[in-house]
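Below you'll find the structure, written out as C-alpha cells, and then a few comments.
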Amino acid sequence: MLKTIYLLFNEGYYSISQDQTLRKELCLEAMRLCHMLVEHQETNKPQVNALFALMCFHASRFEARMGKNGEMILYEDQDTSLWNTDLISRGSYFLNCAASGDKLSKYHLEAGIAYWNTQKTDTAEKWESVLQLYNQLLQIEYSPVAALNRTYALAKANGKDQAIAEAEQLKLENYPFYFSLLGELYTGIDDALAKQNFQKALAVAKTHADKQALQKKIDKL
C-alpha cells in the first residue's frame with residue numbers, strides 16, 4: 001500500500017502526461033490516502049508518518065518549483081518566499097512522529113533529505129547532512145536517480161569537480177534531468193561544456209515548458 005501511494009505521488013511530482021511537469025491532483029490524492037493510514041491506529045506506523053512527512057515537505061515547495069509558463073525551476077533558483085511554511089511545519093511534526101521504532105525505511109531517509117531542502121540557509125551542515133542521508137539511502141535501496149540527486153548535494157558539500165566526476169559515471173542519458181544537472185555543474189567551470197549539456201537536455205526534454213527553460217539557459221551562456 002505504501003509503495004503504491006509513494007508511486008502515485010511521484011507520478012504527480014514529475015509527470016510527462018498532458019505536457020505537464022507537475023500534476024498536483026495526483027500528489028494531493030496520494031497525501032489524502034496516506035493521511036487516512038495515519039489516522040487509523042492499526043496503520044499508524046513510523047514509516048507511514050515518514051512518507052506523509054516526505055510528501056508534506058515536497059508539497060511545500062510546489063509553488064516555487066514551477067515557473068509562470070509551467071517550466072520546472074531547479075532548487076537553487078527557487079523563490080523561497082513561495083515555500084509553504086505551514087506544510088513545512090506539518091512535515092516536521094510527522095517526521096518527529098516517525099522517529100519511534102527501530103526500523104529505518106527509505107521513507108525516513110527521503111523525508112530527512114526533503115526536510116533539509118526546506119531549510120533556506122545554505123550551510124555546510126545542511127549539505128553534509130543531505131549527503132550522508134543520500135549515502136544511507138543508496139545503501140538501503142539504490143536507484144540511479146537518487147544517485148544523480150546525490151551529486152547535487154556532493155557539489156554543495158565538496159565542490160563541483162568531484163560531483164561532475166561522479167555524475168558522469170552514472171551515464172543516465174535517457175533521464176530528462178541528467179544533462180540539465182551536468183549543465184548546471186559545468187556552469188562557471190567550463191561554460192562550453194555546460195552549453196553542450198543543456199543542448200543535450202533540450203533534445204530529451206519531455207514538456208514544452210521545460211524546453212523553453214533550457215533554451216533560456218543556453219541563450220544565457
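Within each chain, counting starts at residue 1; across the C-alpha cells, chains are named A, B, ... in the order shown, with ligands numbered 1 upward in that order.
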Might you pull out every residue within 10 Å of Gly101 of chain A, with only C-alpha atoms counted and same-chain residues fewer than 6 positions away left off, and present them as number ranges by chain? A: 45-47
Next, dump the selected residues to file, keeping only N, CA and C atoms, as a JSON list (two decimals), in the first residue's frame.
[["chain", "number", "residue", "atom", "x", "y", "z"],
["A", 45, "LYS", "N", 1.91, 3.66, 11.47],
["A", 45, "LYS", "CA", 3.25, 3.14, 11.71],
["A", 45, "LYS", "C", 4.30, 4.23, 11.43],
["A", 46, "PRO", "N", 5.52, 4.06, 11.97],
["A", 46, "PRO", "CA", 6.56, 5.07, 11.73],
["A", 46, "PRO", "C", 6.81, 5.36, 10.26],
["A", 47, "GLN", "N", 6.86, 4.31, 9.42],
["A", 47, "GLN", "CA", 7.15, 4.54, 8.00],
["A", 47, "GLN", "C", 6.01, 5.27, 7.30]]
Arg150 of chain A surroundings by only C-alpha atoms, 10 Å radius, close-in-sequence under 4 positions cut, as a list in words: Val130, Leu131, Gln132, Leu133, Tyr134, Asn135, Leu137, Leu138, Pro144, Val145, Ala146, Leu154, Ala155, Ala163, Glu166 and Ala167 of chain A
Name the residues of chain A that come out as helix (DSSP H, G or I) in a backbone DSSP run; write them as a PyMOL selection string. chain A and resi 2-13+17-19+24-39+46-59+62-65+75-77+80-82+85-97+106-116+124-140+144-158+160-170+178-186+191-204+208-220
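Between Lys106 of chain A and the residues A:His40, A:Lys216, A:Lys3, A:Arg61, the shortest atom-to-atom distance, using only C-alpha atoms, involves A:Lys3.
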Work out how far apart atom CA of Val48 of chain A and atom CA of Leu22 of chain A are and give it in Å to one decimal. 23.2 Å
At most 12 Å is the cut-off: for each residue in segment 41-91 of chain A with any atom that close to an atom of segment 25-35 of chain A, write down the nearest atom pair and the distance in Å rounded to one decimal, counting only C-alpha atoms, chain first then increasing number, as a Markdown table.
| residue | atom | partner | partner_atom | distance |
| --- | --- | --- | --- | --- |
| A:Gln41 | CA | A:His35 | CA | 11.8 |
| A:Thr43 | CA | A:Cys34 | CA | 9.7 |
| A:Asn44 | CA | A:His35 | CA | 9.1 |
| A:Lys45 | CA | A:Cys34 | CA | 11.0 |
| A:Gln47 | CA | A:Cys34 | CA | 10.6 |
| A:Val48 | CA | A:Cys34 | CA | 7.0 |
| A:Asn49 | CA | A:Cys34 | CA | 8.3 |
| A:Ala50 | CA | A:Cys34 | CA | 10.1 |
| A:Leu51 | CA | A:Cys34 | CA | 7.6 |
| A:Phe52 | CA | A:Cys34 | CA | 6.1 |
| A:Ala53 | CA | A:Met31 | CA | 9.5 |
| A:Leu54 | CA | A:Met31 | CA | 9.8 |
| A:Met55 | CA | A:Met31 | CA | 6.7 |
| A:Cys56 | CA | A:Met31 | CA | 7.9 |
| A:Phe57 | CA | A:Met31 | CA | 11.3 |
| A:His58 | CA | A:Cys27 | CA | 9.5 |
| A:Ala59 | CA | A:Cys27 | CA | 7.9 |
| A:Ser60 | CA | A:Cys27 | CA | 11.6 |
| A:Phe62 | CA | A:Cys27 | CA | 10.2 |
| A:Leu87 | CA | A:Met31 | CA | 11.8 |
| A:Arg90 | CA | A:His35 | CA | 11.8 |
| A:Gly91 | CA | A:Met31 | CA | 11.5 |
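Shortest separation to Gln199 of chain A among A:Gln139, A:Ser180, A:Tyr186, A:Gln212 occurs at residue A:Ser180, atoms counted being only C-alpha atoms.
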Could you tell me how far atom CA of Tyr107 of chain A sits from atom CA of Ile73 of chain A, in Å to one decimal place?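 Those two atoms sit 24.1 Å apart.
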Residue neighbourhood Glu184 of chain A, 12 Å, only C-alpha atoms, exclusion window fewer than 2 positions, as a PyMOL selection string: chain A and resi 74-77+151-152+155+160+163-164+167+177-182+186-198+201+214+217-218+221
I need the chosen residues saved as a compact mmCIF listing (two decimals), in the first residue's frame, with N, CA, C and O atoms.
# COMPACT_ATOMS: atom_id res chain seq x y z
N LEU A 74 14.74 24.73 -10.98
CA LEU A 74 15.66 23.94 -10.16
C LEU A 74 15.77 24.54 -8.76
O LEU A 74 15.53 25.73 -8.54
N TYR A 75 16.15 23.69 -7.82
CA TYR A 75 16.15 24.06 -6.40
C TYR A 75 16.87 25.38 -6.13
O TYR A 75 16.34 26.24 -5.43
N GLU A 76 18.06 25.54 -6.68
CA GLU A 76 18.86 26.71 -6.38
C GLU A 76 18.22 28.01 -6.88
O GLU A 76 18.51 29.09 -6.36
N ASP A 77 17.34 27.90 -7.87
CA ASP A 77 16.72 29.09 -8.46
C ASP A 77 15.33 29.38 -7.89
O ASP A 77 14.66 30.33 -8.31
N THR A 151 24.55 13.80 -6.34
CA THR A 151 25.68 14.57 -6.86
C THR A 151 25.47 16.08 -6.67
O THR A 151 26.44 16.82 -6.56
N TYR A 152 24.22 16.52 -6.62
CA TYR A 152 23.97 17.94 -6.36
C TYR A 152 24.42 18.29 -4.94
O TYR A 152 25.10 19.30 -4.71
N ALA A 155 28.13 18.35 -4.77
CA ALA A 155 28.68 19.60 -5.30
C ALA A 155 28.64 20.70 -4.24
O ALA A 155 29.59 21.48 -4.10
N LYS A 160 32.22 21.26 -7.07
CA LYS A 160 31.65 20.78 -8.34
C LYS A 160 32.50 19.72 -9.03
O LYS A 160 31.97 18.83 -9.68
N ALA A 163 31.67 16.29 -7.91
CA ALA A 163 30.30 15.98 -8.30
C ALA A 163 30.20 15.65 -9.79
O ALA A 163 29.50 14.72 -10.19
N ILE A 164 30.90 16.41 -10.61
CA ILE A 164 30.90 16.16 -12.06
C ILE A 164 31.45 14.77 -12.36
O ILE A 164 30.88 14.02 -13.16
N ALA A 167 28.82 12.24 -11.36
CA ALA A 167 27.62 12.33 -12.20
C ALA A 167 27.86 11.71 -13.57
O ALA A 167 27.01 10.98 -14.10
N PHE A 177 16.63 14.92 -16.63
CA PHE A 177 17.35 15.93 -15.86
C PHE A 177 18.84 15.63 -15.72
O PHE A 177 19.56 16.36 -15.06
N TYR A 178 19.31 14.55 -16.35
CA TYR A 178 20.73 14.20 -16.25
C TYR A 178 21.61 15.29 -16.88
O TYR A 178 22.52 15.82 -16.25
N PHE A 179 21.31 15.61 -18.12
CA PHE A 179 22.13 16.59 -18.82
C PHE A 179 21.93 18.00 -18.28
O PHE A 179 22.87 18.81 -18.28
N SER A 180 20.72 18.31 -17.82
CA SER A 180 20.49 19.65 -17.26
C SER A 180 21.28 19.84 -15.96
O SER A 180 21.82 20.92 -15.70
N LEU A 181 21.39 18.76 -15.16
CA LEU A 181 22.19 18.86 -13.94
C LEU A 181 23.67 19.02 -14.29
O LEU A 181 24.38 19.84 -13.69
N LEU A 182 24.13 18.26 -15.29
CA LEU A 182 25.52 18.42 -15.73
C LEU A 182 25.77 19.84 -16.24
O LEU A 182 26.83 20.42 -15.99
N TYR A 186 28.60 22.28 -14.68
CA TYR A 186 29.70 22.81 -15.50
C TYR A 186 29.66 24.33 -15.62
O TYR A 186 30.68 24.95 -15.94
N THR A 187 28.50 24.94 -15.38
CA THR A 187 28.38 26.39 -15.49
C THR A 187 29.36 27.07 -14.53
O THR A 187 29.37 26.80 -13.34
N GLY A 188 30.20 27.93 -15.08
CA GLY A 188 31.20 28.62 -14.27
C GLY A 188 32.54 27.91 -14.24
O GLY A 188 33.55 28.51 -13.85
N ILE A 189 32.53 26.63 -14.62
CA ILE A 189 33.78 25.86 -14.70
C ILE A 189 34.22 25.71 -16.15
O ILE A 189 35.36 25.99 -16.50
N ASP A 190 33.27 25.29 -16.98
CA ASP A 190 33.52 25.15 -18.43
C ASP A 190 32.19 25.44 -19.11
O ASP A 190 31.37 24.55 -19.31
N ASP A 191 31.99 26.70 -19.45
CA ASP A 191 30.69 27.11 -20.00
C ASP A 191 30.39 26.47 -21.35
O ASP A 191 29.22 26.28 -21.70
N ALA A 192 31.42 26.13 -22.11
CA ALA A 192 31.19 25.45 -23.40
C ALA A 192 30.58 24.07 -23.16
O ALA A 192 29.63 23.67 -23.84
N LEU A 193 31.13 23.33 -22.18
CA LEU A 193 30.58 22.02 -21.84
C LEU A 193 29.20 22.16 -21.20
O LEU A 193 28.33 21.32 -21.40
N ALA A 194 29.02 23.22 -20.43
CA ALA A 194 27.71 23.48 -19.83
C ALA A 194 26.66 23.64 -20.93
O ALA A 194 25.58 23.05 -20.88
N LYS A 195 27.01 24.42 -21.96
CA LYS A 195 26.09 24.66 -23.08
C LYS A 195 25.79 23.36 -23.82
O LYS A 195 24.65 23.09 -24.17
N GLN A 196 26.83 22.54 -24.05
CA GLN A 196 26.63 21.26 -24.73
C GLN A 196 25.65 20.38 -23.96
O GLN A 196 24.77 19.74 -24.55
N ASN A 197 25.79 20.35 -22.64
CA ASN A 197 24.90 19.52 -21.83
C ASN A 197 23.48 20.06 -21.80
O ASN A 197 22.52 19.29 -21.84
N PHE A 198 23.34 21.38 -21.75
CA PHE A 198 21.99 21.95 -21.82
C PHE A 198 21.33 21.64 -23.17
O PHE A 198 20.13 21.40 -23.25
N ALA A 201 20.15 18.16 -22.98
CA ALA A 201 18.94 18.14 -22.15
C ALA A 201 17.73 18.60 -22.95
O ALA A 201 16.64 18.03 -22.84
N LEU A 214 15.17 25.49 -20.73
CA LEU A 214 16.52 25.07 -21.14
C LEU A 214 17.08 25.98 -22.22
O LEU A 214 18.26 26.32 -22.22
N LYS A 217 18.58 29.00 -20.73
CA LYS A 217 19.91 28.76 -20.14
C LYS A 217 20.97 28.73 -21.24
O LYS A 217 22.08 29.25 -21.06
N ILE A 218 20.63 28.11 -22.37
CA ILE A 218 21.56 28.06 -23.50
C ILE A 218 21.85 29.46 -24.03
O ILE A 218 22.99 29.84 -24.28
N LEU A 221 24.19 31.41 -21.80
CA LEU A 221 25.59 31.01 -21.93
C LEU A 221 26.19 31.52 -23.24
O LEU A 221 27.38 31.81 -23.32
Atom-to-atom span, atom CA of Leu185 of chain A and atom CA of Asp161 of chain A, Å: 8.3 Å
